[in-house]
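A.B. asks: Here it is, the structure in full.
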Amino acid sequence: MEKIRTRFAPSPTGFMHLGGLRTALYCYLYSKKHGGDFILRIEDTDQERFVEGAVEVIYSSLNESGICYDEGPDKGGEFGPYVQSERKAIYLEYAKKLVELGGAYYCFCTKERLESLTDENGNRKYDKHCLKLSKEEVEARIAAGEPYVIRQNIPLEGTSVYEDMVFGTISVDYADLEDNILIKSDGLPTYNFANVVDDHLMKISHVIRGTEYLSSTPKYNLMYDTFGWERPHYIHLPIIMKDQTRKLSKRYGDANFDDFVNKGYLPEAIVNYVALLGWSPKENVEKMTMAQMIELFSLDGVSKSPSIFDDVKLRWLNGEYLKELSDEEFLKVATPFFKQSKVYGKYDLLQLSALLKTRVEILSEIPDKINFLEEFGEYDTALFFHKKMKTDAELAKTVLPWIREKLASAPSFDHDTIHDLLIGLATEKEMKNGQILWPARVALSGKDVTPGGAIELALILGKEECLRRIDFSINLLNK
RNA sequence: GGCCCCUUGGUCAAGCGGUCAAGACAUCGCCCUUUCACGGCGGUAACACGAGUUCGAGUCUCGUAGGGGUCACCA
């Protein structure tokens, strides 16, 4: 059986789109599932879109995601170079061969002439004007230094059919296809040509890419056929949408891998979530390690319809990953976010990590959740209301002074002591624990949700600060 | 607009002619609890529409509607 070889071929735009990340992931999973190779190829034939540092972004994103390629620009391999701009001579050679085979031709048409071909609907299709040129004329004009491109020669009639491994049979009439440019006037190839030559030369067995190529694939097949090359297998993937009608895009700032990492999502969670968009394992599991994904990956679990990116579910998944971290691991990934908070350097971060772990879905929530430790001021006393505990501001007025007294008299300020004092207070007054603890927690934090209950907060704040805050809260209630 | 493709709850999705149409997120309710959170249990909620084919259709066919993709010297 042939060796499975897949490739991820991004163009260096400066960021890693989540859709691209998923494509890379599926390429990786499919090749690894079948013991094959996964190749990274940089498609930088558009010099106008060159972005400084963009290639490094691709390397680092893939690396952080745990998607490892076997061959690539920075890894080497026997089919290099893996950067298209370094393969210019190769494309030209094959383009000439294709011209000889009748699959392509030189074109000297000016931009103006091309524009004159536009119809009333704003569409235009090249009219094969230069196909008629004799070989002698072509050579003379090239020799005279006239700029030219090389176009693909597509039949005027007939139908092209191929099997896509997820979409099934796709058939397109040649009449609906245009004689696209294969080699631009700057001598570099377009995607239309480079991908065919490279995929063949790099022995790619399965081409995995987005559905935007679903209907242009016949053009590529035509070239494979003309060259006498074996066509690869095709696996087209549905796109990822932002909502019903818009796709996830850079434009809305919601498609970039790095942005998600900076917002406090773990790369593993992002990869795991993205894997689930458009694919579901037979076993009906959702949280998976890379190794599990490789094991479970299968093409018949890949769906044909576009899926909408749901950041609520991503948050949940990220939270799941966070919860299973040890306190130390959590501290490590959370440190950049602790630094953004007002408490950095003033509290025991490992202790806070333990409390925060089950209360945070994305790391960027951290500053907001803990800033109250340093910032305490007026708050809405409606927070004292809790239906189930039957507490409210009125009850707080009577309970808070008792709490203050207990805490003030505490012989030491450790967990057990505070616990016994507060619970003891509830027993003593024949109240529910919550009727003491809820007001205490609110009075200490001024917040409805806090990292930890009243006892944990008291411990973190320390005796003096606790008393100060309770006094403040009593005053607030009596206003 | 032409061509290609898609259509199960709010979202991700199982299903591949016969199921009470899975599961997850979200949502709602209950429980647990040392309060918030975590956790446990349960509820609401879907086969776009219309014709066929068939004893029987979410599953097959055709049409309609809706959505997406594509029509560049971008990939």
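Labeling convention for the structure tokens: chains A, B, ... as they appear, residues from 1 per chain, ligands from 1 in order of appearance.
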Hey, what's within 10 Å of Ile366 of chain A if we count only C-alpha atoms (C1' of nucleotides) and toss same-chain stuff fewer than 3 positions away? As a PDB file with C-alpha atoms, in the first residue's frame, please?
C.D. replies:
```pdb
ATOM      1  CA  GLY A 264      -6.213  32.586  28.388  1.00  0.00           C
ATOM      2  CA  ALA A 334      -1.908  31.698  35.074  1.00  0.00           C
ATOM      3  CA  THR A 335       1.128  33.736  36.010  1.00  0.00           C
ATOM      4  CA  PRO A 336       0.890  36.182  33.090  1.00  0.00           C
ATOM      5  CA  PHE A 337      -2.662  36.917  34.171  1.00  0.00           C
ATOM      6  CA  PHE A 338      -1.795  37.261  37.840  1.00  0.00           C
ATOM      7  CA  LYS A 339       0.726  39.844  36.708  1.00  0.00           C
ATOM      8  CA  GLN A 340      -2.079  41.811  35.075  1.00  0.00           C
ATOM      9  CA  SER A 341      -3.977  41.933  38.355  1.00  0.00           C
ATOM     10  CA  LEU A 352      -5.051  31.602  45.035  1.00  0.00           C
ATOM     11  CA  SER A 353      -4.446  29.129  42.221  1.00  0.00           C
ATOM     12  CA  LEU A 356      -9.320  29.865  41.270  1.00  0.00           C
ATOM     13  CA  LYS A 357      -8.894  26.592  39.456  1.00  0.00           C
ATOM     14  CA  ARG A 359     -13.879  29.018  39.190  1.00  0.00           C
ATOM     15  CA  VAL A 360     -12.171  30.146  36.025  1.00  0.00           C
ATOM     16  CA  GLU A 361     -12.938  29.115  32.471  1.00  0.00           C
ATOM     17  CA  ILE A 362     -10.440  31.316  30.728  1.00  0.00           C
ATOM     18  CA  LEU A 363      -7.367  32.700  32.397  1.00  0.00           C
ATOM     19  CA  LYS A 369     -11.863  37.743  40.110  1.00  0.00           C
ATOM     20  CA  ILE A 370      -9.127  38.723  42.505  1.00  0.00           C
ATOM     21  CA  ASN A 371      -8.713  42.467  42.257  1.00  0.00           C
ATOM     22  CA  PRO A 451     -12.698  32.677  44.668  1.00  0.00           C
TER      23      PRO A 451
END
```
A.B. asks: Can you tell me, as number ranges by chain, what residues are no more than 12 Å from segment 23-34 of chain B when counting only C-alpha atoms (C1' of nucleotides), ignoring any on the same chain fewer than 2 positions away?
C.D. replies: A: 273, 276, 280-287, 309-317, 415-416, 418-424, 426, 432-438, 440-441, 452-456; B: 9-15, 36-45
A.B. asks: Using C-alpha atoms (C1' of nucleotides), can you export the residues from the last selection as a short mmCIF file (atom, residue, chain, number, x, y, z; two decimals), in the first residue's frame?
C.D. replies:
```cif
data_model
loop_
_atom_site.label_atom_id
_atom_site.label_comp_id
_atom_site.auth_asym_id
_atom_site.auth_seq_id
_atom_site.Cartn_x
_atom_site.Cartn_y
_atom_site.Cartn_z
CA TYR A 273 -12.33 22.05 20.44
CA LEU A 276 -14.72 18.72 17.16
CA SER A 280 -17.00 13.63 15.79
CA PRO A 281 -15.51 10.37 16.96
CA LYS A 282 -17.61 7.23 16.89
CA GLU A 283 -16.98 6.70 20.58
CA ASN A 284 -18.89 9.84 21.51
CA VAL A 285 -16.13 11.37 23.57
CA GLU A 286 -15.26 15.02 23.49
CA LYS A 287 -12.29 15.67 25.69
CA PHE A 309 -17.76 28.28 16.18
CA ASP A 310 -19.23 28.34 19.69
CA ASP A 311 -16.96 30.11 22.09
CA VAL A 312 -19.23 29.23 25.01
CA LYS A 313 -18.43 25.60 24.50
CA LEU A 314 -14.76 26.35 24.00
CA ARG A 315 -14.81 28.15 27.36
CA TRP A 316 -16.35 25.11 28.97
CA LEU A 317 -13.76 22.79 27.47
CA HIS A 415 -8.61 27.90 58.96
CA ASP A 416 -9.90 25.71 61.81
CA ILE A 418 -12.13 30.78 61.91
CA HIS A 419 -14.27 27.86 60.88
CA ASP A 420 -15.12 26.94 64.46
CA LEU A 421 -15.82 30.54 65.39
CA LEU A 422 -18.21 31.19 62.54
CA ILE A 423 -19.97 27.86 62.62
CA GLY A 424 -20.09 28.10 66.37
CA ALA A 426 -24.45 29.98 63.81
CA LYS A 432 -28.22 28.23 59.40
CA ASN A 433 -24.52 28.25 58.60
CA GLY A 434 -25.30 30.12 55.44
CA GLN A 435 -26.97 32.93 57.31
CA ILE A 436 -23.64 33.73 58.86
CA LEU A 437 -21.38 32.75 56.02
CA TRP A 438 -23.18 34.48 53.21
CA ALA A 440 -19.63 37.41 55.91
CA ARG A 441 -18.49 36.60 52.40
CA GLY A 452 -13.50 30.84 47.85
CA GLY A 453 -15.99 31.09 50.64
CA ALA A 454 -16.01 33.34 53.69
CA ILE A 455 -13.43 31.33 55.56
CA GLU A 456 -10.97 31.20 52.68
"C1'" G B 9 -32.88 21.04 19.24
"C1'" G B 10 -30.06 27.95 20.37
"C1'" U B 11 -24.80 25.58 19.19
"C1'" C B 12 -21.56 21.08 18.21
"C1'" A B 13 -23.52 16.55 16.72
"C1'" A B 14 -25.01 10.63 16.70
"C1'" G B 15 -28.12 8.26 13.16
"C1'" C B 36 -19.75 31.44 45.84
"C1'" A B 37 -17.64 27.69 42.74
"C1'" C B 38 -17.08 22.47 41.90
"C1'" G B 39 -20.01 18.05 41.83
"C1'" G B 40 -24.69 14.87 41.34
"C1'" C B 41 -29.73 14.23 39.31
"C1'" G B 42 -33.63 15.65 36.16
"C1'" G B 43 -36.62 18.86 32.62
"C1'" U B 44 -37.52 21.98 28.08
"C1'" A B 45 -35.94 21.70 23.10
#
```
A.B. asks: From the list A:Ala443, A:Met290, A:Ile204, A:Ala255, which residue is nearest chain B when using only C-alpha atoms (C1' of nucleotides)?
C.D. replies: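 Among A:Ala443, A:Met290, A:Ile204, A:Ala255, it is A:Ala443 that comes nearest to chain B.
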A.B. asks: Could you name the residues that touch segment 60-75 of chain A at 7 Å or less, counting only C-alpha atoms (C1' of nucleotides), but leaving out those on the same chain fewer than 5 positions away, as JSON, numbers by chain?
C.D. replies: {"A": [16, 25, 28, 37, 38, 39, 40, 41, 81, 82, 83, 267, 268, 271]}
A.B. asks: How would the residues just chosen look if you wrote them out with all heavy atoms as a compact mmCIF listing (two decimals), in the first residue's frame?
C.D. replies:
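Wrote it out as part-v4.txt, contents follow:
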```
# COMPACT_ATOMS: atom_id res chain seq x y z
N MET A 16 -2.23 32.64 12.57
CA MET A 16 -2.72 31.29 12.32
C MET A 16 -4.22 31.27 12.53
O MET A 16 -4.72 31.35 13.65
CB MET A 16 -2.04 30.30 13.28
CG MET A 16 -2.54 28.87 13.17
SD MET A 16 -2.28 28.07 11.59
CE MET A 16 -0.55 27.66 11.75
N LEU A 25 -4.47 20.19 11.67
CA LEU A 25 -4.72 19.12 12.62
C LEU A 25 -5.23 17.85 11.93
O LEU A 25 -4.75 16.75 12.19
CB LEU A 25 -5.74 19.59 13.67
CG LEU A 25 -6.19 18.54 14.68
CD1 LEU A 25 -5.03 18.12 15.58
CD2 LEU A 25 -7.35 19.07 15.53
N TYR A 28 -2.56 16.19 10.03
CA TYR A 28 -1.67 15.51 10.98
C TYR A 28 -2.31 14.22 11.49
O TYR A 28 -1.71 13.15 11.45
CB TYR A 28 -1.38 16.46 12.14
CG TYR A 28 -0.60 15.85 13.28
CD1 TYR A 28 0.76 15.56 13.14
CD2 TYR A 28 -1.22 15.58 14.50
CE1 TYR A 28 1.48 15.01 14.20
CE2 TYR A 28 -0.51 15.03 15.56
CZ TYR A 28 0.83 14.74 15.40
OH TYR A 28 1.54 14.20 16.44
N ASP A 37 3.34 10.35 6.75
CA ASP A 37 4.11 11.56 7.03
C ASP A 37 3.24 12.80 6.84
O ASP A 37 2.33 12.81 6.03
CB ASP A 37 5.29 11.66 6.06
CG ASP A 37 6.31 10.56 6.30
OD1 ASP A 37 6.47 10.15 7.47
OD2 ASP A 37 6.93 10.11 5.32
N PHE A 38 3.58 13.80 7.62
CA PHE A 38 2.88 15.07 7.52
C PHE A 38 3.92 16.15 7.18
O PHE A 38 4.94 16.26 7.84
CB PHE A 38 2.19 15.37 8.86
CG PHE A 38 1.62 16.75 8.96
CD1 PHE A 38 0.75 17.22 7.98
CD2 PHE A 38 1.93 17.57 10.04
CE1 PHE A 38 0.22 18.51 8.07
CE2 PHE A 38 1.41 18.85 10.13
CZ PHE A 38 0.55 19.32 9.15
N ILE A 39 3.62 16.88 6.12
CA ILE A 39 4.59 17.85 5.61
C ILE A 39 4.08 19.28 5.74
O ILE A 39 2.90 19.55 5.52
CB ILE A 39 4.87 17.54 4.10
CG1 ILE A 39 5.68 16.26 3.97
CG2 ILE A 39 5.65 18.67 3.43
CD1 ILE A 39 4.85 15.03 3.80
N LEU A 40 4.98 20.17 6.07
CA LEU A 40 4.63 21.59 6.10
C LEU A 40 5.28 22.27 4.89
O LEU A 40 6.48 22.11 4.65
CB LEU A 40 5.13 22.27 7.38
CG LEU A 40 4.95 23.80 7.40
CD1 LEU A 40 3.48 24.18 7.46
CD2 LEU A 40 5.70 24.42 8.57
N ARG A 41 4.48 22.98 4.14
CA ARG A 41 5.02 23.68 2.97
C ARG A 41 4.53 25.12 3.03
O ARG A 41 3.36 25.37 3.30
CB ARG A 41 4.50 23.00 1.70
CG ARG A 41 5.01 23.65 0.42
CD ARG A 41 4.61 22.86 -0.80
NE ARG A 41 3.23 23.01 -1.15
CZ ARG A 41 2.44 22.01 -1.58
NH1 ARG A 41 2.90 20.78 -1.66
NH2 ARG A 41 1.20 22.25 -1.89
N PRO A 81 13.22 22.14 -1.72
CA PRO A 81 12.88 23.04 -0.62
C PRO A 81 11.37 23.08 -0.35
O PRO A 81 10.58 22.80 -1.23
CB PRO A 81 13.39 24.40 -1.09
CG PRO A 81 13.52 24.29 -2.56
CD PRO A 81 13.78 22.86 -2.87
N TYR A 82 11.01 23.43 0.89
CA TYR A 82 9.61 23.43 1.29
C TYR A 82 8.99 24.82 1.30
O TYR A 82 7.93 25.03 1.88
CB TYR A 82 9.45 22.76 2.66
CG TYR A 82 9.80 21.28 2.60
CD1 TYR A 82 11.09 20.83 2.88
CD2 TYR A 82 8.85 20.33 2.21
CE1 TYR A 82 11.42 19.47 2.80
CE2 TYR A 82 9.16 19.00 2.13
CZ TYR A 82 10.45 18.56 2.41
OH TYR A 82 10.76 17.24 2.32
N VAL A 83 9.70 25.75 0.70
CA VAL A 83 9.18 27.11 0.58
C VAL A 83 9.06 27.37 -0.92
O VAL A 83 10.02 27.23 -1.66
CB VAL A 83 10.16 28.12 1.22
CG1 VAL A 83 9.65 29.54 1.03
CG2 VAL A 83 10.32 27.82 2.71
N PRO A 267 -3.65 25.95 24.61
CA PRO A 267 -3.53 25.40 23.26
C PRO A 267 -4.19 24.02 23.13
O PRO A 267 -4.86 23.75 22.13
CB PRO A 267 -2.02 25.32 23.05
CG PRO A 267 -1.49 26.44 23.87
CD PRO A 267 -2.37 26.49 25.09
N GLU A 268 -4.03 23.18 24.12
CA GLU A 268 -4.63 21.83 24.05
C GLU A 268 -6.15 21.92 23.94
O GLU A 268 -6.78 21.14 23.22
CB GLU A 268 -4.33 21.01 25.31
CG GLU A 268 -2.88 20.87 25.65
CD GLU A 268 -2.40 21.97 26.58
OE1 GLU A 268 -2.23 23.12 26.09
OE2 GLU A 268 -2.20 21.71 27.76
N VAL A 271 -7.13 23.20 20.40
CA VAL A 271 -6.95 22.13 19.42
C VAL A 271 -8.07 21.09 19.57
O VAL A 271 -8.68 20.67 18.60
CB VAL A 271 -5.56 21.47 19.58
CG1 VAL A 271 -5.47 20.21 18.73
CG2 VAL A 271 -4.47 22.45 19.17
```
A.B. asks: Just the residues within 12 Å of C49 of chain B, please, counting only C-alpha atoms (C1' of nucleotides), with nothing from its chain fewer than 5 positions along; format it as a PyMOL selection string.
C.D. replies: chain B and resi 7+63-66
A.B. asks: I need the residues from that last selection saved to file as a PDB file, in the first residue's frame (with C-alpha atoms (C1' of nucleotides)), if you can.
C.D. replies:
```pdb
ATOM      1  C1'   U B   7     -29.627  21.518   5.529  1.00  0.00           C
ATOM      2  C1'   G B  63     -38.453  19.840  -6.714  1.00  0.00           C
ATOM      3  C1'   U B  64     -38.826  24.394  -3.550  1.00  0.00           C
ATOM      4  C1'   A B  65     -36.776  27.421   0.129  1.00  0.00           C
ATOM      5  C1'   G B  66     -32.663  28.856   3.019  1.00  0.00           C
TER       6        G B  66
END
```
A.B. asks: If we count only C-alpha atoms (C1' of nucleotides), what is near C73 of chain B at a cut-off of 10 Å, once residues fewer than 3 positions away on the same chain are taken out, given as a list in words?
C.D. replies: Asp46, Lys111, Tyr148, Val149, Ile150, Asn180, Ile181, Leu182, Ile183, Lys184, Ser185, Asp186, Gly187, Leu188, Pro189 and Thr190 of chain A
A.B. asks: Given the selection you just returned, output its residues as a file containing N, CA, C and O atoms, formatted as a short mmCIF file (atom, residue, chain, number, x, y, z; two decimals), in the first residue's frame.
C.D. replies:
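See again.cif below for the written result:
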```
data_model
loop_
_atom_site.label_atom_id
_atom_site.label_comp_id
_atom_site.auth_asym_id
_atom_site.auth_seq_id
_atom_site.Cartn_x
_atom_site.Cartn_y
_atom_site.Cartn_z
N ASP A 46 3.02 34.85 -3.47
CA ASP A 46 2.48 36.20 -3.66
C ASP A 46 3.38 37.17 -2.89
O ASP A 46 3.21 37.38 -1.70
N LYS A 111 -3.75 44.13 -19.37
CA LYS A 111 -4.77 44.27 -18.34
C LYS A 111 -6.02 44.93 -18.92
O LYS A 111 -7.15 44.56 -18.61
N TYR A 148 4.65 38.37 -20.26
CA TYR A 148 3.68 37.31 -20.56
C TYR A 148 3.33 36.50 -19.31
O TYR A 148 4.02 36.57 -18.30
N VAL A 149 2.26 35.78 -19.44
CA VAL A 149 1.88 34.84 -18.38
C VAL A 149 1.66 33.50 -19.08
O VAL A 149 1.61 33.44 -20.30
N ILE A 150 1.54 32.45 -18.29
CA ILE A 150 1.20 31.16 -18.89
C ILE A 150 -0.15 30.76 -18.32
O ILE A 150 -0.36 30.79 -17.10
N ASN A 180 -7.16 29.76 -16.19
CA ASN A 180 -6.46 30.53 -15.16
C ASN A 180 -4.97 30.67 -15.44
O ASN A 180 -4.37 29.87 -16.14
N ILE A 181 -4.43 31.68 -14.81
CA ILE A 181 -3.00 31.92 -14.95
C ILE A 181 -2.22 30.95 -14.06
O ILE A 181 -2.55 30.74 -12.88
N LEU A 182 -1.24 30.32 -14.65
CA LEU A 182 -0.42 29.35 -13.94
C LEU A 182 0.91 30.00 -13.51
O LEU A 182 1.38 29.80 -12.40
N ILE A 183 1.49 30.75 -14.46
CA ILE A 183 2.73 31.46 -14.15
C ILE A 183 2.44 32.95 -14.36
O ILE A 183 1.96 33.35 -15.42
N LYS A 184 2.70 33.72 -13.33
CA LYS A 184 2.44 35.16 -13.39
C LYS A 184 3.56 35.86 -14.16
O LYS A 184 4.60 35.28 -14.43
N SER A 185 3.32 37.11 -14.48
CA SER A 185 4.33 37.84 -15.26
C SER A 185 5.63 38.03 -14.47
O SER A 185 6.66 38.34 -15.04
N ASP A 186 5.57 37.84 -13.16
CA ASP A 186 6.82 37.96 -12.41
C ASP A 186 7.58 36.63 -12.38
O ASP A 186 8.58 36.48 -11.70
N GLY A 187 7.04 35.67 -13.10
CA GLY A 187 7.73 34.39 -13.19
C GLY A 187 7.38 33.40 -12.09
O GLY A 187 7.77 32.23 -12.14
N LEU A 188 6.64 33.86 -11.09
CA LEU A 188 6.25 32.96 -10.00
C LEU A 188 4.92 32.30 -10.34
O LEU A 188 4.11 32.87 -11.07
N PRO A 189 4.70 31.12 -9.82
CA PRO A 189 3.46 30.41 -10.13
C PRO A 189 2.32 30.91 -9.24
O PRO A 189 2.55 31.52 -8.21
N THR A 190 1.09 30.65 -9.66
CA THR A 190 -0.04 30.92 -8.78
C THR A 190 -0.29 29.62 -8.03
O THR A 190 0.26 28.57 -8.35
#
```
A.B. asks: Write out as an MDAnalysis selection string all residues of segment 300-391 of chain A that backbone DSSP assigns to helix (DSSP H, G or I).
C.D. replies: chainID A and resid 300:301 311:323 327:339 349:356 363:373 381:384
A.B. asks: Mind giving me the straight-line distance from atom CA of Asp119 of chain A to atom CA of Leu131 of chain A in Å, one decimal?
C.D. replies: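 Pair atom CA of Asp119 of chain A / atom CA of Leu131 of chain A returns 21.0 Å.
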A.B. asks: Restricting the calculation to only C-alpha atoms (C1' of nucleotides), which member of A:Asp44, A:Glu375, A:Glu212, A:Glu112 is positioned closest to chain B?
C.D. replies: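 Among the listed residues, the smallest separation from chain B belongs to A:Glu212.
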A.B. asks: For atom CA of Glu329 of chain A and atom CA of Val274 of chain A, quote the distance in Å rounded to one decimal.
C.D. replies: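 If I compute the distance from atom CA of Glu329 of chain A to atom CA of Val274 of chain A, I get 23.3 Å.
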A.B. asks: So which one's closest to chain A, B:A72, B:U35, B:C5, B:G56? Using only C-alpha atoms (C1' of nucleotides), please.
C.D. replies: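 Looking only at the distances to chain A, the closest residue turns out to be B:U35.
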A.B. asks: Extract the full set of strand (DSSP E) residues from segment 183-250 of chain A according to DSSP on the backbone, and format it as an mmCIF file with all heavy atoms, in the first residue's frame.
C.D. replies:
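Saved result, result_25.cif, follows:
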```
data_model
loop_
_atom_site.group_PDB
_atom_site.id
_atom_site.type_symbol
_atom_site.label_atom_id
_atom_site.label_comp_id
_atom_site.auth_asym_id
_atom_site.auth_seq_id
_atom_site.Cartn_x
_atom_site.Cartn_y
_atom_site.Cartn_z
ATOM 1 N N ILE A 183 1.487 30.747 -14.455
ATOM 2 C CA ILE A 183 2.728 31.463 -14.147
ATOM 3 C C ILE A 183 2.440 32.947 -14.361
ATOM 4 O O ILE A 183 1.960 33.345 -15.424
ATOM 5 C CB ILE A 183 3.878 31.033 -15.103
ATOM 6 C CG1 ILE A 183 4.171 29.531 -14.970
ATOM 7 C CG2 ILE A 183 5.133 31.856 -14.807
ATOM 8 C CD1 ILE A 183 4.826 29.100 -13.681
ATOM 9 N N HIS A 206 -2.654 12.330 -0.075
ATOM 10 C CA HIS A 206 -3.989 12.833 0.257
ATOM 11 C C HIS A 206 -3.954 14.345 0.441
ATOM 12 O O HIS A 206 -3.261 14.840 1.313
ATOM 13 C CB HIS A 206 -4.505 12.183 1.544
ATOM 14 C CG HIS A 206 -4.698 10.699 1.403
ATOM 15 N ND1 HIS A 206 -5.931 10.114 1.299
ATOM 16 C CD2 HIS A 206 -3.800 9.692 1.325
ATOM 17 C CE1 HIS A 206 -5.795 8.806 1.169
ATOM 18 N NE2 HIS A 206 -4.504 8.522 1.177
ATOM 19 N N VAL A 207 -4.686 15.019 -0.388
ATOM 20 C CA VAL A 207 -4.750 16.469 -0.302
ATOM 21 C C VAL A 207 -5.924 16.838 0.601
ATOM 22 O O VAL A 207 -7.074 16.533 0.289
ATOM 23 C CB VAL A 207 -4.931 17.087 -1.705
ATOM 24 C CG1 VAL A 207 -5.263 18.560 -1.607
ATOM 25 C CG2 VAL A 207 -3.671 16.867 -2.541
ATOM 26 N N ILE A 208 -5.612 17.435 1.732
ATOM 27 C CA ILE A 208 -6.651 17.828 2.685
ATOM 28 C C ILE A 208 -6.664 19.347 2.754
ATOM 29 O O ILE A 208 -5.654 19.972 3.056
ATOM 30 C CB ILE A 208 -6.354 17.234 4.081
ATOM 31 C CG1 ILE A 208 -6.269 15.705 3.974
ATOM 32 C CG2 ILE A 208 -7.429 17.658 5.081
ATOM 33 C CD1 ILE A 208 -5.898 15.014 5.291
ATOM 34 N N ARG A 209 -7.790 19.951 2.443
ATOM 35 C CA ARG A 209 -7.874 21.406 2.389
ATOM 36 C C ARG A 209 -9.334 21.825 2.496
ATOM 37 O O ARG A 209 -10.226 20.992 2.578
ATOM 38 C CB ARG A 209 -7.249 21.887 1.073
ATOM 39 C CG ARG A 209 -8.110 21.577 -0.034
ATOM 40 C CD ARG A 209 -7.980 21.320 -1.459
ATOM 41 N NE ARG A 209 -6.875 21.625 -2.232
ATOM 42 C CZ ARG A 209 -6.712 21.215 -3.504
ATOM 43 N NH1 ARG A 209 -7.663 20.480 -4.099
ATOM 44 N NH2 ARG A 209 -5.658 21.527 -4.164
ATOM 45 N N GLY A 210 -9.570 23.139 2.505
ATOM 46 C CA GLY A 210 -10.926 23.640 2.661
ATOM 47 C C GLY A 210 -11.780 23.484 1.416
ATOM 48 O O GLY A 210 -11.265 23.272 0.318
ATOM 49 N N HIS A 233 -5.589 11.635 -3.626
ATOM 50 C CA HIS A 233 -6.943 11.514 -3.068
ATOM 51 C C HIS A 233 -7.287 12.877 -2.500
ATOM 52 O O HIS A 233 -6.404 13.579 -2.023
ATOM 53 C CB HIS A 233 -6.961 10.471 -1.948
ATOM 54 C CG HIS A 233 -6.589 9.106 -2.436
ATOM 55 N ND1 HIS A 233 -7.410 8.349 -3.229
ATOM 56 C CD2 HIS A 233 -5.470 8.363 -2.239
ATOM 57 C CE1 HIS A 233 -6.832 7.202 -3.503
ATOM 58 N NE2 HIS A 233 -5.647 7.179 -2.927
ATOM 59 N N TYR A 234 -8.560 13.223 -2.542
ATOM 60 C CA TYR A 234 -8.951 14.535 -2.033
ATOM 61 C C TYR A 234 -9.861 14.430 -0.825
ATOM 62 O O TYR A 234 -10.760 13.584 -0.764
ATOM 63 C CB TYR A 234 -9.672 15.325 -3.126
ATOM 64 C CG TYR A 234 -8.776 15.706 -4.284
ATOM 65 C CD1 TYR A 234 -8.842 15.022 -5.484
ATOM 66 C CD2 TYR A 234 -7.862 16.744 -4.157
ATOM 67 C CE1 TYR A 234 -8.022 15.360 -6.549
ATOM 68 C CE2 TYR A 234 -7.036 17.100 -5.213
ATOM 69 C CZ TYR A 234 -7.111 16.410 -6.407
ATOM 70 O OH TYR A 234 -6.300 16.753 -7.446
ATOM 71 N N ILE A 235 -9.587 15.303 0.121
ATOM 72 C CA ILE A 235 -10.419 15.382 1.317
ATOM 73 C C ILE A 235 -10.693 16.860 1.553
ATOM 74 O O ILE A 235 -9.811 17.609 1.972
ATOM 75 C CB ILE A 235 -9.681 14.785 2.535
ATOM 76 C CG1 ILE A 235 -9.396 13.297 2.293
ATOM 77 C CG2 ILE A 235 -10.501 14.992 3.819
ATOM 78 C CD1 ILE A 235 -8.383 12.703 3.255
ATOM 79 N N HIS A 236 -11.896 17.296 1.211
ATOM 80 C CA HIS A 236 -12.218 18.707 1.422
ATOM 81 C C HIS A 236 -12.993 18.881 2.717
ATOM 82 O O HIS A 236 -13.823 18.050 3.080
ATOM 83 C CB HIS A 236 -12.994 19.254 0.225
ATOM 84 C CG HIS A 236 -12.117 19.458 -0.981
ATOM 85 N ND1 HIS A 236 -12.055 18.550 -2.021
ATOM 86 C CD2 HIS A 236 -11.235 20.449 -1.276
ATOM 87 C CE1 HIS A 236 -11.170 18.998 -2.915
ATOM 88 N NE2 HIS A 236 -10.663 20.138 -2.494
ATOM 89 N N LEU A 237 -12.683 19.956 3.396
ATOM 90 C CA LEU A 237 -13.257 20.212 4.718
ATOM 91 C C LEU A 237 -14.194 21.423 4.714
ATOM 92 O O LEU A 237 -13.856 22.472 4.156
ATOM 93 C CB LEU A 237 -12.113 20.508 5.688
ATOM 94 C CG LEU A 237 -11.437 19.411 6.494
ATOM 95 C CD1 LEU A 237 -11.675 18.022 5.957
ATOM 96 C CD2 LEU A 237 -9.965 19.712 6.663
ATOM 97 N N ILE A 240 -15.444 26.854 8.819
ATOM 98 C CA ILE A 240 -15.912 27.171 10.163
ATOM 99 C C ILE A 240 -16.520 28.564 10.121
ATOM 100 O O ILE A 240 -15.912 29.510 9.636
ATOM 101 C CB ILE A 240 -14.750 27.140 11.167
ATOM 102 C CG1 ILE A 240 -14.113 25.749 11.179
ATOM 103 C CG2 ILE A 240 -15.253 27.508 12.564
ATOM 104 C CD1 ILE A 240 -12.891 25.645 12.067
ATOM 105 N N MET A 241 -17.753 28.656 10.620
ATOM 106 C CA MET A 241 -18.479 29.915 10.570
ATOM 107 C C MET A 241 -18.488 30.633 11.915
ATOM 108 O O MET A 241 -18.388 30.018 12.969
ATOM 109 C CB MET A 241 -19.934 29.657 10.178
ATOM 110 C CG MET A 241 -20.125 28.838 8.913
ATOM 111 S SD MET A 241 -19.728 29.780 7.448
ATOM 112 C CE MET A 241 -21.123 30.918 7.415
#
```
A.B. asks: If we count only C-alpha atoms (C1' of nucleotides), what is near G68 of chain B at a cut-off of 12 Å, once residues fewer than 3 positions away on the same chain are taken out, given as an MDAnalysis selection string?
C.D. replies: (chainID A and resid 211:212 238:241 243:247 304:308) or (chainID B and resid 4:7)
A.B. asks: Select, from B:A22, B:A51, B:C3, B:A57, the residue with the minimum atom-to-atom distance to chain A, counting only C-alpha atoms (C1' of nucleotides).
C.D. replies: B:C3
